[in-house]
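Asker: Dumping the structure here so I can ask a few things about it.
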Amino acid sequence: MSYDLKNQIIYEDNHIIIVNKLPSQIVQGDKTGDEPLSEKVKKYIKKRYNKPGDVFLGVVHRLDRPVSGLIIFARTSKALARLNQMLKDRTIRKIYWGVVKELPPEETGHLIHYIYRDTKKNKSFASVKERKDSKRAELRYKHIASSDKYHLLEIELLTGRHHQIRAQLAFIGCHIKGDIKYGYPRTNKNASIHLHARVVEFIHPVKKEKMSFTAPPPNDLLWSAFV
């Protein structure tokens, strides 16, 4: 059993497993060939429960590689189907923390934009006007703390678009620390950005109980100043 992965697991039962993703990890395989988090979780399940043969693991949603925080995996096809439907119905509540250099114009806000994606650049752009290939993107934010140089925002994601938080905050001039793709001037040394999936809340797909999980952000000096 991977000691590191064991420390990343927030919750597990026969139906779901919740993991606190590190900023360096990819959720599913990509062109880098790096081992994805999904494979690490499969190996963990196989070893812990002495599972013969292939281990089923459904990826319910994803986080960008430089982002940290909570990921829900399904351990059964029934749980996966029900969680996918919850995502579609927007009944999974997701709260993020983001560290920005510039304060937004208001302490709290409700942002509605139209997001369109440039697949060649793997980048999304927010606009106040709808266009043919755009999708409506919606989030709420509030300013919850400040340090000497930075500000902590709590962000509730109301739709799930590609790079949505990064693109919408950049559009209003609040660039996430380290996110050079969306206008921050410098990278973080470990290639992370200071965006963290802090809380997920949903009804358990099988037990039908309300579930709420909170994940600590990565262990660095800036996050520690806010926790």
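Identifiers for the structure tokens are assigned positionally: chains receive A, B, ... in sequence, residues are indexed from 1 per chain, and ligands are indexed from 1 in the order shown.
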I want to know what sits within 8 Å of Val200 of chain A, based on only C-alpha atoms, with residues of the same chain fewer than 2 positions away left out; could you give that as a PyMOL selection string?
Answerer: chain A and resi 70+92-95+197-198+202+212-214
Asker: Please identify the helix (DSSP H, G or I) residues within segment 71-178 of chain A (assignment by DSSP from backbone atoms) and present them as a PyMOL selection string.
Answerer: chain A and resi 77-89+164-171
Asker: How close does segment 36-107 of chain A get to segment 168-182 of chain A? List, as a Markdown table, each residue of segment 36-107 of chain A within 10 Å, its nearest atom pair and the distance in Å to one decimal, counting only C-alpha atoms.
Answerer:
| residue | atom | partner | partner_atom | distance |
| --- | --- | --- | --- | --- |
| A:Pro66 | CA | A:Asp179 | CA | 8.6 |
| A:Val67 | CA | A:Asp179 | CA | 9.9 |
| A:Gly98 | CA | A:Ile176 | CA | 6.5 |
| A:Val99 | CA | A:Ile176 | CA | 5.7 |
| A:Val100 | CA | A:Ile176 | CA | 4.6 |
| A:Lys101 | CA | A:His175 | CA | 6.6 |
| A:Glu102 | CA | A:Cys174 | CA | 5.2 |
| A:Leu103 | CA | A:Cys174 | CA | 6.4 |
| A:Pro104 | CA | A:Cys174 | CA | 6.1 |
| A:Pro105 | CA | A:Ile172 | CA | 8.1 |
Asker: Leaving out Glu106 of chain A and any residue of its chain fewer than 5 positions from it, which residues lie within 12 Å of it when counting only C-alpha atoms, given as a list in words?
Answerer: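 Non-adjacent residues within range: Leu111, Arg140, Tyr141, Lys142, His143, Ile144, Leu153, Ile172 and Cys174 of chain A.
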Asker: Could you write those residues out with C-alpha atoms, as a compact mmCIF listing (two decimals), in the first residue's frame?
Answerer:
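The result, stored in out-v1.txt:
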# COMPACT_ATOMS: atom_id res chain seq x y z
CA LEU A 111 -20.28 35.66 -12.04
CA ARG A 140 -20.30 32.52 -6.74
CA TYR A 141 -17.31 33.83 -4.79
CA LYS A 142 -16.61 35.58 -1.51
CA HIS A 143 -13.44 37.11 -0.09
CA ILE A 144 -12.70 35.32 3.19
CA LEU A 153 -11.46 33.56 -2.16
CA ILE A 172 -12.39 40.05 -13.80
CA CYS A 174 -8.24 38.17 -10.26
Asker: Taking only C-alpha atoms into account, name the residue in A:Ala191, A:Met86, A:Ile115, A:Val55 that is nearest to Arg161 of chain A.
Answerer: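 With only C-alpha atoms as the atom set, the closest residue is A:Ile115.
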Asker: Tell me which protein, DNA and RNA residues are within 6 Å of segment 56-59 of chain A, counting only C-alpha atoms, leaving out same-chain ones fewer than 2 positions away, and put them as a PyMOL selection string.
Answerer: chain A and resi 61+73-75+80
Asker: May I ask which of the residues A:Leu157, A:Arg62, A:Ile165, A:Asn50 is the closest one to Phe125 of chain A, counting only C-alpha atoms?
Answerer: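 Once distances to Phe125 of chain A are computed over only C-alpha atoms, the minimum belongs to A:Ile165.
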Asker: Counting only C-alpha atoms, what is within 10 Å of Lys123 of chain A, bar same-chain residues fewer than 5 positions away, as a list of chain:residue names?
Answerer: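 Here the answer would be A:Tyr116, A:Arg117, A:Asp118, A:His162, A:His163, A:Gln164, A:Arg166, A:Ala167, A:Lys181, A:Tyr182.
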Asker: Out of segment 46-222 of chain A, which residues get strand (DSSP E or B) from DSSP, as a ChimeraX atom specification?
Answerer: /A:58-59,68-74,93-100,108-118,123-127,135-146,151-157,176,195-203,210-214
Asker: I'd like to know which of A:Glu107, A:Asp13, A:Glu201, A:Asp133 is closest to Ala215 of chain A, using only C-alpha atoms.
Answerer: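 Using only C-alpha atoms, the shortest distance to Ala215 of chain A belongs to A:Glu201.
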Asker: If we count only C-alpha atoms, what is near Trp223 of chain A at a cut-off of 10 Å, once residues fewer than 2 positions away on the same chain are taken out, given as a PyMOL selection string?
Answerer: chain A and resi 97-99+152+194+196+216-221+225-227
Asker: What's around segment 128-131 of chain A at 6 Å? Count only C-alpha atoms, leave out sequence neighbours fewer than 2 positions away in its own chain, and write the answer as a list in words.
Answerer: His113, Tyr114, Asp133 and Ser134 of chain A
Asker: My list of candidates is A:Asn188, A:Thr91, A:Ser77, A:Asn7. Which is closest to Lys210 of chain A when distances are computed with only C-alpha atoms?
Answerer: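 Counting only C-alpha atoms, the residue closest to Lys210 of chain A is A:Thr91.
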Asker: Smallest atom-to-atom distance to His15 of chain A: which of A:Arg82, A:Lys120, A:Lys31, A:His110, using only C-alpha atoms?
Answerer: A:Arg82
Asker: Just how far from atom CA of Lys208 of chain A is atom CA of Asp54 of chain A, in Å to one decimal?
Answerer: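 That distance, rounded to one decimal, is 27.5 Å.
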Asker: Report the distance between atom CA of Ser24 of chain A and atom CA of His151 of chain A in Å, rounded to one decimal place.
Answerer: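 Spanning atom CA of Ser24 of chain A to atom CA of His151 of chain A is a straight-line distance of 23.0 Å.
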